[in-house]
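**Q** Below is model-v9.txt; it holds compact mmCIF, C-alpha atoms.
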```
# COMPACT_ATOMS: atom_id res chain seq x y z
CA MET E 271 -6.01 21.48 -2.98
CA SER E 272 -5.47 20.76 0.72
CA GLN E 273 -7.64 22.39 3.38
CA PRO E 274 -6.41 25.86 4.30
CA THR E 275 -4.75 26.03 7.70
CA THR E 276 -6.06 28.37 10.40
CA LYS E 277 -3.13 30.67 9.66
CA GLU E 278 -4.04 30.84 5.98
CA ARG E 279 -7.70 31.43 6.81
CA ILE E 280 -6.71 34.29 9.10
CA LEU E 281 -4.55 35.88 6.40
CA GLU E 282 -7.22 35.62 3.71
CA ALA E 283 -9.92 36.98 6.05
CA SER E 284 -7.60 39.87 6.95
CA LEU E 285 -7.12 40.75 3.29
CA GLU E 286 -10.85 40.59 2.66
CA LEU E 287 -11.75 42.90 5.56
CA MET E 288 -8.84 45.29 5.04
CA ASN E 289 -9.53 45.58 1.31
CA GLU E 290 -13.06 46.61 2.19
CA ARG E 291 -12.47 48.91 5.19
CA GLY E 292 -8.79 49.84 5.21
CA PHE E 293 -6.01 48.55 7.45
CA ALA E 294 -6.61 51.06 10.28
CA ASN E 295 -10.32 50.23 10.50
CA VAL E 296 -9.93 46.47 11.01
CA SER E 297 -9.12 45.10 14.47
CA VAL E 298 -7.84 41.67 15.41
CA ALA E 299 -11.26 41.13 17.08
CA ASP E 300 -13.04 41.93 13.78
CA ILE E 301 -11.02 39.27 11.98
CA ALA E 302 -11.68 36.66 14.67
CA ALA E 303 -15.42 37.45 14.61
CA HIS E 304 -15.47 37.20 10.81
CA LEU E 305 -13.94 33.71 11.01
CA GLY E 306 -16.01 32.63 13.99
CA ILE E 307 -12.92 31.89 16.09
CA SER E 308 -11.93 33.28 19.48
CA PRO E 309 -9.65 36.33 19.64
CA GLY E 310 -7.30 34.17 21.71
CA ASN E 311 -7.02 31.65 18.90
CA LEU E 312 -6.09 34.45 16.50
CA THR E 313 -3.54 36.10 18.78
CA TYR E 314 -2.01 32.67 19.42
CA HIS E 315 -0.98 32.75 15.75
CA TYR E 316 -0.44 36.51 15.39
CA PRO E 317 0.04 38.27 18.74
CA THR E 318 -0.10 41.81 17.30
CA LYS E 319 -1.33 43.65 14.25
CA ARG E 320 2.31 44.20 13.40
CA ASP E 321 2.88 40.42 13.30
CA LEU E 322 -0.19 40.10 11.15
CA ILE E 323 0.86 42.71 8.58
CA LEU E 324 4.34 41.19 8.26
CA ALA E 325 2.81 37.73 7.76
CA LEU E 326 0.39 39.18 5.21
CA ARG E 327 3.30 40.64 3.34
CA ASP E 328 5.04 37.24 3.16
CA HIS E 329 1.78 35.56 2.19
CA VAL E 330 1.13 38.00 -0.66
CA ALA E 331 4.78 38.04 -1.79
CA GLY E 332 4.54 34.23 -2.00
CA ARG E 333 1.43 34.49 -4.17
CA TYR E 334 3.19 36.93 -6.51
CA LEU E 335 6.28 34.71 -6.67
CA GLU E 336 4.06 31.82 -7.78
CA LEU E 337 2.91 33.94 -10.72
CA ALA E 338 6.46 34.42 -12.00
CA VAL E 339 6.69 33.01 -15.50
CA ASP E 340 9.55 31.13 -17.11
CA TRP E 341 9.17 32.95 -20.42
CA ARG E 342 9.52 30.80 -23.52
CA PRO E 343 9.94 32.50 -26.90
CA ASP E 344 7.63 29.94 -28.56
CA ARG E 345 4.80 30.43 -26.06
CA VAL E 346 5.36 34.03 -24.96
CA LEU E 347 2.21 35.49 -26.54
CA GLU E 348 -0.19 33.24 -24.58
CA GLN E 349 2.02 33.42 -21.49
CA GLY E 350 1.96 37.23 -21.62
CA ALA E 351 -1.79 37.71 -21.82
CA ALA E 352 -2.41 35.16 -19.04
CA TRP E 353 0.27 36.68 -16.84
CA LEU E 354 -1.05 40.26 -17.18
CA ARG E 355 -4.49 39.09 -16.06
CA ALA E 356 -3.09 37.07 -13.16
CA VAL E 357 -1.01 39.99 -11.87
CA ALA E 358 -3.98 42.37 -12.08
CA ARG E 359 -6.21 39.87 -10.23
CA GLU E 360 -3.57 39.51 -7.51
CA THR E 361 -3.19 43.30 -7.26
CA TRP E 362 -6.93 43.51 -6.66
CA HIS E 363 -6.87 40.61 -4.18
CA SER E 364 -4.14 42.26 -2.09
CA ARG E 365 -4.91 45.91 -2.82
CA CYS E 366 -4.96 46.99 0.85
CA LEU E 367 -1.24 46.19 1.13
CA PHE E 368 -0.36 48.73 -1.55
CA ARG E 369 -3.08 51.27 -0.83
CA ASP E 370 -2.79 51.41 2.96
CA ALA E 371 1.01 51.48 3.18
CA ALA E 372 0.97 54.87 4.93
CA GLN E 373 -1.25 53.34 7.64
CA TYR E 374 1.08 50.49 8.61
CA LEU E 375 4.58 51.62 7.66
CA THR E 376 4.86 53.40 11.01
CA ILE E 377 4.35 50.13 12.93
CA ALA E 378 6.20 47.91 10.44
CA PRO E 379 8.81 50.04 8.66
CA GLU E 380 10.75 46.99 7.41
CA PHE E 381 7.73 46.19 5.25
CA ARG E 382 8.80 48.80 2.75
CA GLU E 383 12.23 47.37 2.07
CA ARG E 384 11.11 43.74 1.88
CA SER E 385 8.08 44.40 -0.25
CA ARG E 386 10.06 46.55 -2.66
CA ASP E 387 12.54 43.77 -3.24
CA ASP E 388 10.10 40.96 -3.75
CA VAL E 389 6.93 42.14 -5.35
CA LEU E 390 7.75 45.41 -7.06
CA ARG E 391 11.22 44.67 -8.42
CA LEU E 392 10.11 41.21 -9.49
CA GLY E 393 7.12 42.63 -11.33
CA ARG E 394 9.14 45.14 -13.27
CA ARG E 395 11.83 42.56 -14.02
CA GLN E 396 9.20 40.15 -15.31
CA VAL E 397 7.97 42.79 -17.76
CA VAL E 398 11.51 43.28 -19.05
CA HIS E 399 11.94 39.50 -19.43
CA TYR E 400 8.61 39.34 -21.23
CA LEU E 401 9.84 41.96 -23.72
CA GLN E 402 13.09 40.05 -24.19
CA ALA E 403 11.20 36.81 -24.87
CA LEU E 404 9.04 38.68 -27.40
CA MET E 405 12.22 39.77 -29.18
CA ASP E 406 13.75 36.28 -28.96
CA GLY E 407 10.57 34.80 -30.40
CA GLY E 408 10.66 37.18 -33.36
CA HIS E 409 7.46 38.90 -32.21
CA MET E 410 9.05 42.25 -31.48
CA GLN E 411 11.65 44.30 -33.27
CA ARG E 412 15.03 44.43 -31.51
CA VAL E 413 15.50 47.62 -29.49
CA PRO E 414 18.64 48.56 -27.52
CA ALA E 415 18.83 47.29 -23.91
CA SER E 416 18.43 50.82 -22.49
CA GLU E 417 15.22 51.22 -24.48
CA VAL E 418 13.94 47.86 -23.22
CA GLU E 419 14.49 49.12 -19.67
CA ALA E 420 12.62 52.40 -20.27
CA LEU E 421 9.80 50.67 -22.13
CA GLY E 422 9.67 47.99 -19.41
CA THR E 423 9.26 50.61 -16.68
CA SER E 424 6.48 52.40 -18.55
CA ALA E 425 4.65 49.14 -19.31
CA TRP E 426 5.10 48.01 -15.69
CA ILE E 427 3.54 51.27 -14.42
CA VAL E 428 0.46 50.59 -16.57
CA LEU E 429 0.24 47.05 -15.17
CA ARG E 430 0.96 47.97 -11.52
CA TYR E 431 -1.51 50.91 -11.45
CA TRP E 432 -4.25 49.59 -13.70
CA ILE E 433 -6.41 48.57 -10.72
CA ASP E 434 -5.72 51.89 -8.96
CA TYR E 435 -6.76 53.73 -12.12
CA LEU E 436 -10.05 51.81 -12.35
CA VAL E 437 -10.86 52.46 -8.69
CA GLU E 438 -9.82 56.11 -8.74
CA SER E 439 -11.10 57.27 -12.12
CA HIS E 440 -13.99 54.89 -12.74
CA ASP E 441 -15.10 54.09 -9.20
CA VAL E 442 -14.83 50.36 -9.92
CA ARG E 443 -15.85 48.29 -6.88
CA GLU E 444 -15.43 44.78 -8.26
CA ILE E 445 -13.02 43.49 -10.90
CA GLU E 446 -14.76 41.83 -13.86
CA PRO E 447 -13.15 39.86 -16.71
CA ALA E 448 -13.77 42.85 -19.02
CA HIS E 449 -11.46 44.96 -16.83
CA LEU E 450 -8.69 42.43 -17.39
CA ASP E 451 -9.29 42.49 -21.14
CA GLU E 452 -8.93 46.27 -21.04
CA LEU E 453 -5.65 45.95 -19.19
CA VAL E 454 -4.27 43.68 -21.91
CA ARG E 455 -5.42 46.24 -24.49
CA HIS E 456 -3.74 49.16 -22.69
CA PHE E 457 -0.56 47.25 -22.02
CA GLU E 458 -0.59 46.43 -25.72
CA ALA E 459 -0.97 50.13 -26.54
CA VAL E 460 2.44 50.64 -24.89
CA ILE E 461 4.38 47.79 -26.48
CA GLY E 462 2.25 47.40 -29.64
CA PRO E 463 4.20 49.66 -32.00
CA HIS E 464 7.27 47.48 -31.43
CA LEU E 465 5.44 44.23 -32.20
CA THR E 466 5.19 42.51 -35.56
CA PRO E 467 1.73 42.80 -37.20
CA ALA E 468 1.11 39.08 -36.53
CA ALA E 469 2.01 39.41 -32.85
CA ARG E 470 -0.21 42.47 -32.57
CA ARG E 471 -3.15 40.59 -34.03
CA SER E 472 -2.51 37.67 -31.72
CA LEU E 473 -2.36 39.87 -28.59
CA ALA E 474 -5.49 41.73 -29.70
CA ALA E 475 -7.28 38.37 -29.99
CA GLU E 476 -6.22 37.56 -26.41
CA SER E 477 -7.79 40.75 -25.07
CA MET R 118 2.00 88.06 -7.06
CA SER R 119 -0.36 89.34 -4.40
CA GLN R 120 -0.02 88.31 -0.77
CA PRO R 121 -1.74 85.00 -0.04
CA THR R 122 -4.94 85.36 1.95
CA THR R 123 -5.38 83.63 5.30
CA LYS R 124 -7.58 81.07 3.55
CA GLU R 125 -4.88 80.31 1.01
CA ARG R 126 -2.25 80.06 3.72
CA ILE R 127 -4.46 77.60 5.61
CA LEU R 128 -4.93 75.45 2.51
CA GLU R 129 -1.24 75.38 1.65
CA ALA R 130 -0.25 74.58 5.24
CA SER R 131 -2.83 71.78 5.28
CA LEU R 132 -1.34 70.24 2.13
CA GLU R 133 2.15 70.51 3.56
CA LEU R 134 1.28 68.78 6.85
CA MET R 135 -1.04 66.18 5.30
CA ASN R 136 1.49 65.29 2.61
CA GLU R 137 3.98 64.62 5.40
CA ARG R 138 1.78 62.85 7.99
CA GLY R 139 -1.41 61.74 6.21
CA PHE R 140 -4.88 63.27 6.40
CA ALA R 141 -5.97 61.32 9.49
CA ASN R 142 -2.92 62.38 11.49
CA VAL R 143 -3.33 66.14 11.05
CA SER R 144 -5.78 68.06 13.23
CA VAL R 145 -7.20 71.52 12.76
CA ALA R 146 -5.17 72.52 15.84
CA ASP R 147 -1.95 71.25 14.18
CA ILE R 148 -2.57 73.44 11.16
CA ALA R 149 -3.31 76.52 13.27
CA ALA R 150 -0.15 75.92 15.32
CA HIS R 151 1.94 75.50 12.16
CA LEU R 152 0.70 78.88 10.89
CA GLY R 153 0.92 80.60 14.29
CA ILE R 154 -2.77 81.54 14.26
CA SER R 155 -5.46 80.71 16.78
CA PRO R 156 -7.63 77.61 16.27
CA GLY R 157 -10.62 79.98 16.36
CA ASN R 158 -9.23 81.94 13.44
CA LEU R 159 -8.90 78.73 11.45
CA THR R 160 -12.37 77.36 12.30
CA TYR R 161 -13.81 80.78 11.41
CA HIS R 162 -12.73 80.00 7.83
CA TYR R 163 -13.20 76.20 7.92
CA PRO R 164 -15.47 75.05 10.74
CA THR R 165 -14.76 71.31 10.26
CA LYS R 166 -12.19 69.03 8.70
CA ARG R 167 -14.85 68.14 6.17
CA ASP R 168 -15.10 71.81 5.11
CA LEU R 169 -11.33 71.91 4.90
CA ILE R 170 -11.00 68.84 2.67
CA LEU R 171 -13.70 70.11 0.30
CA ALA R 172 -11.97 73.49 0.08
CA LEU R 173 -8.64 71.74 -0.49
CA ARG R 174 -10.19 69.83 -3.34
CA ASP R 175 -11.40 73.05 -5.01
CA HIS R 176 -8.04 74.71 -4.37
CA VAL R 177 -6.11 71.85 -5.98
CA ALA R 178 -8.60 71.44 -8.84
CA GLY R 179 -8.10 75.16 -9.56
CA ARG R 180 -4.34 74.67 -9.65
CA TYR R 181 -4.71 71.78 -12.11
CA LEU R 182 -7.13 73.79 -14.26
CA GLU R 183 -4.53 76.53 -14.52
CA LEU R 184 -2.11 74.00 -15.98
CA ALA R 185 -4.47 73.13 -18.83
CA VAL R 186 -2.74 73.90 -22.11
CA ASP R 187 -4.23 75.32 -25.28
CA TRP R 188 -2.26 72.96 -27.50
CA ARG R 189 -0.80 74.53 -30.64
CA PRO R 190 0.54 72.24 -33.37
CA ASP R 191 3.50 74.57 -34.00
CA ARG R 192 4.56 74.65 -30.33
CA VAL R 193 3.31 71.30 -29.09
CA LEU R 194 6.74 69.73 -28.48
CA GLU R 195 7.86 72.40 -26.00
CA GLN R 196 4.35 72.66 -24.56
CA GLY R 197 4.26 68.90 -23.96
CA ALA R 198 7.54 68.58 -22.08
CA ALA R 199 6.73 71.61 -19.89
CA TRP R 200 3.21 70.35 -19.20
CA LEU R 201 4.35 66.85 -18.16
CA ARG R 202 6.73 68.37 -15.63
CA ALA R 203 4.11 70.79 -14.31
CA VAL R 204 1.51 68.03 -13.81
CA ALA R 205 4.03 65.81 -12.01
CA ARG R 206 5.06 68.70 -9.73
CA GLU R 207 1.42 69.39 -8.93
CA THR R 208 0.77 65.69 -8.26
CA TRP R 209 3.61 65.77 -5.74
CA HIS R 210 2.39 69.07 -4.23
CA SER R 211 -1.11 67.66 -3.62
CA ARG R 212 -0.25 63.99 -3.19
CA CYS R 213 -2.19 63.59 0.07
CA LEU R 214 -5.45 64.22 -1.79
CA PHE R 215 -4.90 61.20 -4.05
CA ARG R 216 -3.11 58.97 -1.56
CA ASP R 217 -5.36 59.51 1.46
CA ALA R 218 -8.71 59.27 -0.34
CA ALA R 219 -9.75 56.23 1.73
CA GLN R 220 -9.24 58.33 4.88
CA TYR R 221 -11.57 61.19 3.96
CA LEU R 222 -14.10 59.73 1.52
CA THR R 223 -16.20 58.54 4.46
CA ILE R 224 -16.62 62.12 5.75
CA ALA R 225 -16.76 63.78 2.32
CA PRO R 226 -18.13 61.24 -0.18
CA GLU R 227 -18.97 63.91 -2.77
CA PHE R 228 -15.22 64.49 -3.09
CA ARG R 229 -14.92 61.41 -5.28
CA GLU R 230 -17.41 62.53 -7.90
CA ARG R 231 -16.17 66.11 -8.10
CA SER R 232 -12.53 65.25 -8.16
CA ARG R 233 -13.05 62.64 -10.86
CA ASP R 234 -14.71 65.18 -13.09
CA ASP R 235 -12.22 67.94 -12.74
CA VAL R 236 -8.75 66.67 -12.18
CA LEU R 237 -8.70 63.11 -13.46
CA ARG R 238 -10.88 63.42 -16.55
CA LEU R 239 -9.22 66.70 -17.46
CA GLY R 240 -5.77 65.13 -17.17
CA ARG R 241 -6.61 62.22 -19.41
CA ARG R 242 -8.36 64.49 -21.90
CA GLN R 243 -5.34 66.77 -22.02
CA VAL R 244 -3.13 63.81 -22.94
CA VAL R 245 -5.48 62.92 -25.80
CA HIS R 246 -5.46 66.55 -27.00
CA TYR R 247 -1.68 66.57 -26.77
CA LEU R 248 -1.53 63.49 -29.03
CA GLN R 249 -3.96 65.11 -31.47
CA ALA R 250 -1.84 68.27 -31.59
CA LEU R 251 1.24 66.11 -32.24
CA MET R 252 -0.58 64.57 -35.21
CA ASP R 253 -1.83 67.96 -36.43
CA GLY R 254 1.71 69.34 -36.23
CA GLY R 255 3.06 66.46 -38.32
CA HIS R 256 5.10 65.13 -35.38
CA MET R 257 3.20 61.89 -35.01
CA GLN R 258 1.83 59.43 -37.52
CA ARG R 259 -1.97 59.43 -37.82
CA VAL R 260 -3.60 56.63 -35.82
CA PRO R 261 -7.34 55.89 -35.67
CA ALA R 262 -9.35 57.74 -33.00
CA SER R 263 -9.92 54.55 -30.97
CA GLU R 264 -6.17 53.98 -30.87
CA VAL R 265 -5.58 57.57 -29.75
CA GLU R 266 -7.98 56.93 -26.86
CA ALA R 267 -6.24 53.68 -25.80
CA LEU R 268 -2.78 55.21 -26.17
CA GLY R 269 -3.97 58.32 -24.32
CA THR R 270 -5.19 56.25 -21.36
CA SER R 271 -1.93 54.29 -21.14
CA ALA R 272 0.18 57.45 -21.38
CA TRP R 273 -2.03 59.18 -18.80
CA ILE R 274 -1.55 56.27 -16.37
CA VAL R 275 2.22 56.72 -16.64
CA LEU R 276 1.84 60.46 -15.99
CA ARG R 277 -0.74 60.15 -13.17
CA TYR R 278 1.18 57.41 -11.29
CA TRP R 279 4.77 58.46 -11.95
CA ILE R 280 5.07 60.07 -8.51
CA ASP R 281 3.40 57.08 -6.83
CA TYR R 282 5.86 54.78 -8.59
CA LEU R 283 8.87 56.79 -7.40
CA VAL R 284 7.59 56.82 -3.82
CA GLU R 285 6.56 53.17 -3.76
CA SER R 286 9.37 51.52 -5.70
CA HIS R 287 12.27 53.89 -5.10
CA ASP R 288 11.38 55.36 -1.72
CA VAL R 289 11.71 58.88 -3.11
CA ARG R 290 11.08 61.51 -0.40
CA GLU R 291 11.63 64.69 -2.39
CA ILE R 292 11.04 65.38 -6.07
CA GLU R 293 14.14 66.58 -7.92
CA PRO R 294 14.38 67.95 -11.47
CA ALA R 295 15.98 64.63 -12.54
CA HIS R 296 12.75 62.82 -11.58
CA LEU R 297 10.83 65.07 -13.94
CA ASP R 298 13.32 64.39 -16.74
CA GLU R 299 12.78 60.67 -16.18
CA LEU R 300 9.02 61.14 -16.42
CA VAL R 301 9.40 62.83 -19.82
CA ARG R 302 11.60 59.91 -20.90
CA HIS R 303 9.10 57.27 -19.78
CA PHE R 304 6.13 59.11 -21.23
CA GLU R 305 8.14 59.28 -24.43
CA ALA R 306 8.71 55.50 -24.27
CA VAL R 307 4.94 55.13 -24.60
CA ILE R 308 4.26 57.55 -27.44
CA GLY R 309 7.75 57.49 -29.01
CA PRO R 310 7.21 54.76 -31.61
CA HIS R 311 4.42 56.85 -33.14
CA LEU R 312 6.54 60.00 -33.38
CA THR R 313 8.61 61.11 -36.35
CA PRO R 314 12.37 60.72 -35.84
CA ALA R 315 12.74 64.53 -35.62
CA ALA R 316 10.02 64.79 -32.97
CA ARG R 317 11.61 61.94 -31.03
CA ARG R 318 14.98 63.69 -31.04
CA SER R 319 13.36 66.92 -29.97
CA LEU R 320 11.49 65.31 -27.05
CA ALA R 321 14.64 63.43 -26.00
CA ALA R 322 16.47 66.78 -25.90
CA GLU R 323 13.73 68.16 -23.63
CA SER R 324 14.21 65.34 -21.10
```
Write the structure described by the file as structure tokens, please.
**A**
Amino acid sequence: MSQPTTKERILEASLELMNERGFANVSVADIAAHLGISPGNLTYHYPTKRDLILALRDHVAGRYLELAVDWRPDRVLEQGAAWLRAVARETWHSRCLFRDAAQYLTIAPEFRERSRDDVLRLGRRQVVHYLQALMDGGHMQRVPASEVEALGTSAWIVLRYWIDYLVESHDVREIEPAHLDELVRHFEAVIGPHLTPAARRSLAAES
Amino acid sequence: MSQPTTKERILEASLELMNERGFANVSVADIAAHLGISPGNLTYHYPTKRDLILALRDHVAGRYLELAVDWRPDRVLEQGAAWLRAVARETWHSRCLFRDAAQYLTIAPEFRERSRDDVLRLGRRQVVHYLQALMDGGHMQRVPASEVEALGTSAWIVLRYWIDYLVESHDVREIEPAHLDELVRHFEAVIGPHLTPAARRSLAAES
């Protein structure tokens, strides 16, 4: 991996501080101090907090896009378990962007539209494609397209809000591998009854 | 119904304004002005915003407790559909309490512990009891207790975050009856494969 650029370091430091304290409680000066650079160096790259949040959004959307899987019916079971974990880890890594939306939408209203298109629609669509690959691979009984859509939405909600659920109901402060295993298990609880017994055993072994 | 007391009117007005603008952007003076009462009258009942948020928490927890159902195997199908809608309506009605937690937990940290006990654990437990009543009523195939727990958590996540999903992914600004029908449909997508065909038809008719 190449050295991160100053811009990338600024974005990652912003996520780290905002995840911890919330968007409204982190100033541009805090981020500069955290990195040991001058505020002027930071504002050279991102003049305002609005510029920063829009850049963060592109940065995180790019990270989610990299997770997108080209589902293959012959490898879908391993692909699925790995993908669920990767999405949950990324949701944790960028949790301030989802959680603090009400704090920055007033200064960057276009965030909502762009983020909806990229991250959220992509995520739900990926779940639907995952289900289709499971059917194509003979791992899941065929269900009508409308049912795939409804099941996909429900399964996507479990995936999207798994981290929120852990934080809100179990006061989780750090994501451990066991939390990702649990996600696979709960996602499986949603799609499991449609899977073949062999696929169910295989997914259970992956969790 | 008896006339609401001044305290109740204050709590409902607080929810209304905070749902709209966020906890941090609503002052005690705003709430008094909205109700047409003096700030002194309001602070007589709730001296600080911390007192107000703790009272709001008890108020909302009481509303959720009232929704708790005494599940009856012979009536569980109608009870279930009505309960799902009622919980989603209440989640919308008190959405600032969930959404803005990061804004008030610093001034009222005990909120987290108390709210977890009452509202969140109760909600998940009610889903598990609902599933057990479905099994007792012969509407759902028997699954092992550990599977009921896992299925209950997944179904509860769909119920708890349905409103968040509509707001975040579909920019919904007002909850309509059709949104509640969709919730029943998506909850049903999770538990449906375990239901008898007759129970599935009946739940579909309720959505």
**Q** Find the residues of chain E in contact range of chain R, meaning any atom within 7 Å when counting all atoms listed in the file, and list them as a list in words.
**A**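 Residues of chain E within 7 Å of chain R, counting all atoms listed in the file: Arg386, Leu390, Ala420, Leu421, Ser424, Ile427, Val428, Ser439, His456, Ala459, Val460 and Pro463 of chain E.
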**Q** Considering only C-alpha atoms, can you say which of R:Ala205, R:Leu171, R:Ala150, R:Ala262 comes closest to R:Leu283?
**A**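 Distance minimum relative to R:Leu283 lands on R:Ala205.
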**Q** Between atom CA of R:Pro190 and atom CA of R:Gly255, what is the distance in Å, rounded to a tenth?
**A**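 Between atom CA of R:Pro190 and atom CA of R:Gly255 the gap works out to 8.0 Å.
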**Q** Closest to R:Asp298 among R:Ala250, R:Ala199, R:His210, R:Tyr163, using all atoms listed in the file?
**A**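 Closest to R:Asp298 of all the choices is R:Ala199.
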**Q** Give the answer as one residue: which of E:Phe293, E:Ile280, E:Ser364, E:Ala331 has the shortest atom-to-atom distance to E:Pro309, using only C-alpha atoms?
**A**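 Nearest to E:Pro309: E:Ile280.
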**Q** Residues at most 12 Å from R:Ala172, counting all atoms listed in the file, excluding those fewer than 4 positions away in the same chain, as an MDAnalysis selection string?
**A** chainID R and resid 124:125 127:129 131:132 162:168 176:179 214 225 228 231:232
**Q** Show which residues sit within 12 Å of R:Glu183, as a ChimeraX atom specification. Count only C-alpha atoms, and ignore same-chain residues fewer than 2 positions away.
**A** /R:176-181,185-187,200,203-204,207,235-236,239-240
**Q** Using all atoms listed in the file, collect all residues at a distance of at most 12 Å from (4.9, 42.3, -34.5) as written in the file, then present them as a ChimeraX atom specification.
**A** /E:347,401,404-405,407-412,458,461-474
**Q** In Å, rounded to a single decimal, give me how far atom CA of E:Val437 is from atom CA of R:Gln249.
**A**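 Atom CA of R:Gln249 sits 27.0 Å away from atom CA of E:Val437.
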**Q** Any idea what the distance is between atom CA of E:Val298 and atom CA of E:Leu337?
**A**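 Computing the Euclidean distance for atom CA of E:Val298 and atom CA of E:Leu337 yields 29.3 Å.
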**Q** Between R:Glu323, R:Asp175, R:Glu137, R:Glu227, which residue has the minimum interatomic distance to R:Leu201, considering only C-alpha atoms?
**A**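 Nearest candidate to R:Leu201 out of R:Glu323, R:Asp175, R:Glu137, R:Glu227: R:Glu323.
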**Q** Point out the residue among R:His151, R:Arg202, R:Arg290, R:Arg212 with the least atom-to-atom distance to R:Leu173, counting all atoms listed in the file.
**A** R:Arg212
**Q** Starting from the incomplete input, reconstruct N, CA and C atoms of stretch 280-297 of chain R and report them as a PDB file, in the coordinates of the input.
**A**
```pdb
ATOM      1  N   ILE R 280       4.659  59.696  -9.875  1.00  0.00           N
ATOM      2  CA  ILE R 280       5.070  60.070  -8.510  1.00  0.00           C
ATOM      3  C   ILE R 280       4.853  58.886  -7.563  1.00  0.00           C
ATOM      4  N   ASP R 281       3.691  58.238  -7.680  1.00  0.00           N
ATOM      5  CA  ASP R 281       3.400  57.080  -6.830  1.00  0.00           C
ATOM      6  C   ASP R 281       4.455  55.991  -7.031  1.00  0.00           C
ATOM      7  N   TYR R 282       4.842  55.789  -8.277  1.00  0.00           N
ATOM      8  CA  TYR R 282       5.860  54.780  -8.590  1.00  0.00           C
ATOM      9  C   TYR R 282       7.200  55.127  -7.928  1.00  0.00           C
ATOM     10  N   LEU R 283       7.597  56.387  -8.015  1.00  0.00           N
ATOM     11  CA  LEU R 283       8.870  56.790  -7.400  1.00  0.00           C
ATOM     12  C   LEU R 283       8.827  56.588  -5.891  1.00  0.00           C
ATOM     13  N   VAL R 284       7.711  56.946  -5.270  1.00  0.00           N
ATOM     14  CA  VAL R 284       7.590  56.820  -3.820  1.00  0.00           C
ATOM     15  C   VAL R 284       7.561  55.347  -3.421  1.00  0.00           C
ATOM     16  N   GLU R 285       6.770  54.570  -4.153  1.00  0.00           N
ATOM     17  CA  GLU R 285       6.560  53.170  -3.760  1.00  0.00           C
ATOM     18  C   GLU R 285       7.762  52.290  -4.076  1.00  0.00           C
ATOM     19  N   SER R 286       8.319  52.451  -5.265  1.00  0.00           N
ATOM     20  CA  SER R 286       9.370  51.520  -5.700  1.00  0.00           C
ATOM     21  C   SER R 286      10.774  52.041  -5.417  1.00  0.00           C
ATOM     22  N   HIS R 287      10.923  53.344  -5.291  1.00  0.00           N
ATOM     23  CA  HIS R 287      12.270  53.890  -5.100  1.00  0.00           C
ATOM     24  C   HIS R 287      12.381  54.726  -3.837  1.00  0.00           C
ATOM     25  N   ASP R 288      11.335  54.695  -3.013  1.00  0.00           N
ATOM     26  CA  ASP R 288      11.380  55.360  -1.720  1.00  0.00           C
ATOM     27  C   ASP R 288      11.795  56.827  -1.830  1.00  0.00           C
ATOM     28  N   VAL R 289      11.358  57.472  -2.900  1.00  0.00           N
ATOM     29  CA  VAL R 289      11.710  58.880  -3.110  1.00  0.00           C
ATOM     30  C   VAL R 289      10.967  59.741  -2.091  1.00  0.00           C
ATOM     31  N   ARG R 290      11.690  60.658  -1.437  1.00  0.00           N
ATOM     32  CA  ARG R 290      11.080  61.510  -0.400  1.00  0.00           C
ATOM     33  C   ARG R 290      10.975  62.968  -0.830  1.00  0.00           C
ATOM     34  N   GLU R 291      11.652  63.300  -1.909  1.00  0.00           N
ATOM     35  CA  GLU R 291      11.630  64.690  -2.390  1.00  0.00           C
ATOM     36  C   GLU R 291      11.792  64.643  -3.907  1.00  0.00           C
ATOM     37  N   ILE R 292      10.969  65.415  -4.610  1.00  0.00           N
ATOM     38  CA  ILE R 292      11.040  65.380  -6.070  1.00  0.00           C
ATOM     39  C   ILE R 292      12.120  66.336  -6.569  1.00  0.00           C
ATOM     40  N   GLU R 293      13.038  65.799  -7.355  1.00  0.00           N
ATOM     41  CA  GLU R 293      14.140  66.580  -7.920  1.00  0.00           C
ATOM     42  C   GLU R 293      13.887  66.763  -9.424  1.00  0.00           C
ATOM     43  N   PRO R 294      14.537  67.768 -10.019  1.00  0.00           N
ATOM     44  CA  PRO R 294      14.380  67.950 -11.470  1.00  0.00           C
ATOM     45  C   PRO R 294      14.671  66.672 -12.262  1.00  0.00           C
ATOM     46  N   ALA R 295      15.645  65.858 -11.809  1.00  0.00           N
ATOM     47  CA  ALA R 295      15.980  64.630 -12.540  1.00  0.00           C
ATOM     48  C   ALA R 295      14.790  63.674 -12.606  1.00  0.00           C
ATOM     49  N   HIS R 296      13.941  63.678 -11.562  1.00  0.00           N
ATOM     50  CA  HIS R 296      12.750  62.820 -11.580  1.00  0.00           C
ATOM     51  C   HIS R 296      11.777  63.253 -12.668  1.00  0.00           C
ATOM     52  N   LEU R 297      11.737  64.558 -12.908  1.00  0.00           N
ATOM     53  CA  LEU R 297      10.830  65.070 -13.940  1.00  0.00           C
ATOM     54  C   LEU R 297      11.381  64.753 -15.330  1.00  0.00           C
TER      55      LEU R 297
END
```
